[in-house]
Each structure stands twice: as structure tokens, then as C-alpha cells.
Amino acid sequence: MHTSDWQKSTYSPDGSNCIYIAATPDNTIHLRESDDPDITLTTTPDRLHALIRTLKATPR
């Protein structure tokens, strides 16, 4: 995966603690944090959508 494929989340503040996302042609999504970019999580669009839906529904 090329560095240019990574996009910073619009919800991440400037500076540290940014989340980056990259989609691949094989229908997987990669996530990484700016503090430790060597660690990458891989998921599918459906699973990422389910995670976001769950996080939004969880009371704070």
C-alpha cells in the first residue's frame, strides 16, 4: 500500500492522535493511528460500518 492511499479522518484534530484510513482494491479497509503508524488494523467495510454504528449508539 502506498503512503498516498492514506487519508486522515475529518474528525481527527490537527497534530497528534489522528486516525488514517485506506481502502484497497480487494475490498478491505486499513486503519492506523498517527502515534504508531507501523500498526495497521485491517477490516471490511461492513465490519467498520457496524463498529461505527455501535459506537454512535453507545451512551457516553
# chains A, B, ... in the order shown; residues from 1 in each chain; ligands from 1
>>> residues_around(residues="stretch 44-57 of chain A", least_positions_apart="6", cutoff="8 Å", atoms="only C-alpha atoms", output="PyMOL selection string")
chain A and resi 27-29
>>> closest_residue(among="A:Thr58, A:Ser34, A:Gln7, A:Thr43", to="A:Ile21", atoms="only C-alpha atoms")
A:Gln7
>>> residues_around(residues="A:Lys8", least_positions_apart="4", cutoff="10 Å", atoms="only C-alpha atoms", output="PDB file with N, CA and C atoms, in the first residue's frame")
ATOM      1  N   SER A  12     -10.445  13.893  13.090  1.00  0.00           N
ATOM      2  CA  SER A  12      -9.198  13.932  13.853  1.00  0.00           C
ATOM      3  C   SER A  12      -8.709  15.370  13.955  1.00  0.00           C
ATOM      4  N   PRO A  13      -8.232  15.754  15.144  1.00  0.00           N
ATOM      5  CA  PRO A  13      -7.712  17.116  15.295  1.00  0.00           C
ATOM      6  C   PRO A  13      -6.370  17.247  14.573  1.00  0.00           C
ATOM      7  N   ASP A  14      -5.922  18.467  14.409  1.00  0.00           N
ATOM      8  CA  ASP A  14      -4.594  18.691  13.834  1.00  0.00           C
ATOM      9  C   ASP A  14      -3.543  18.219  14.826  1.00  0.00           C
ATOM     10  N   CYS A  18      -4.267  11.374  15.317  1.00  0.00           N
ATOM     11  CA  CYS A  18      -5.054  11.349  14.085  1.00  0.00           C
ATOM     12  C   CYS A  18      -5.270   9.904  13.647  1.00  0.00           C
ATOM     13  N   ILE A  19      -6.424   9.642  13.086  1.00  0.00           N
ATOM     14  CA  ILE A  19      -6.728   8.343  12.524  1.00  0.00           C
ATOM     15  C   ILE A  19      -6.656   8.449  11.017  1.00  0.00           C
ATOM     16  N   TYR A  20      -5.969   7.489  10.399  1.00  0.00           N
ATOM     17  CA  TYR A  20      -5.852   7.441   8.946  1.00  0.00           C
ATOM     18  C   TYR A  20      -6.543   6.186   8.435  1.00  0.00           C
ATOM     19  N   ILE A  21      -7.116   6.277   7.249  1.00  0.00           N
ATOM     20  CA  ILE A  21      -7.842   5.162   6.658  1.00  0.00           C
ATOM     21  C   ILE A  21      -7.412   5.006   5.198  1.00  0.00           C
ATOM     22  N   ALA A  22      -7.373   3.760   4.745  1.00  0.00           N
ATOM     23  CA  ALA A  22      -7.050   3.484   3.346  1.00  0.00           C
ATOM     24  C   ALA A  22      -7.870   2.287   2.885  1.00  0.00           C
ATOM     25  N   LEU A  31      -6.704   0.759   8.853  1.00  0.00           N
ATOM     26  CA  LEU A  31      -6.746   1.879   9.791  1.00  0.00           C
ATOM     27  C   LEU A  31      -5.423   1.949  10.544  1.00  0.00           C
ATOM     28  N   ARG A  32      -4.972   3.159  10.809  1.00  0.00           N
ATOM     29  CA  ARG A  32      -3.772   3.336  11.635  1.00  0.00           C
ATOM     30  C   ARG A  32      -3.876   4.652  12.377  1.00  0.00           C
ATOM     31  N   GLU A  33      -3.108   4.779  13.442  1.00  0.00           N
ATOM     32  CA  GLU A  33      -3.072   5.992  14.244  1.00  0.00           C
ATOM     33  C   GLU A  33      -1.747   6.702  13.995  1.00  0.00           C
ATOM     34  N   SER A  34      -1.766   8.023  14.038  1.00  0.00           N
ATOM     35  CA  SER A  34      -0.557   8.786  13.751  1.00  0.00           C
ATOM     36  C   SER A  34       0.553   8.536  14.770  1.00  0.00           C
TER      37      SER A  34
END
>>> select_by_dssp(residues="chain A", states="helix (DSSP H, G or I)", output="JSON, numbers by chain")
{"A": [3, 4, 5, 45, 46, 47, 48, 49, 50, 51, 52, 53, 54, 55, 56, 57]}
>>> select_by_dssp(residues="stretch 1-59 of chain A", states="strand (DSSP E)", output="list in words")
Gln7, Lys8, Ile19, Tyr20, Ile21, Ala22, Ala23, Ile29, His30, Leu31, Arg32, Glu33, Leu41, Thr42 and Thr43 of chain A
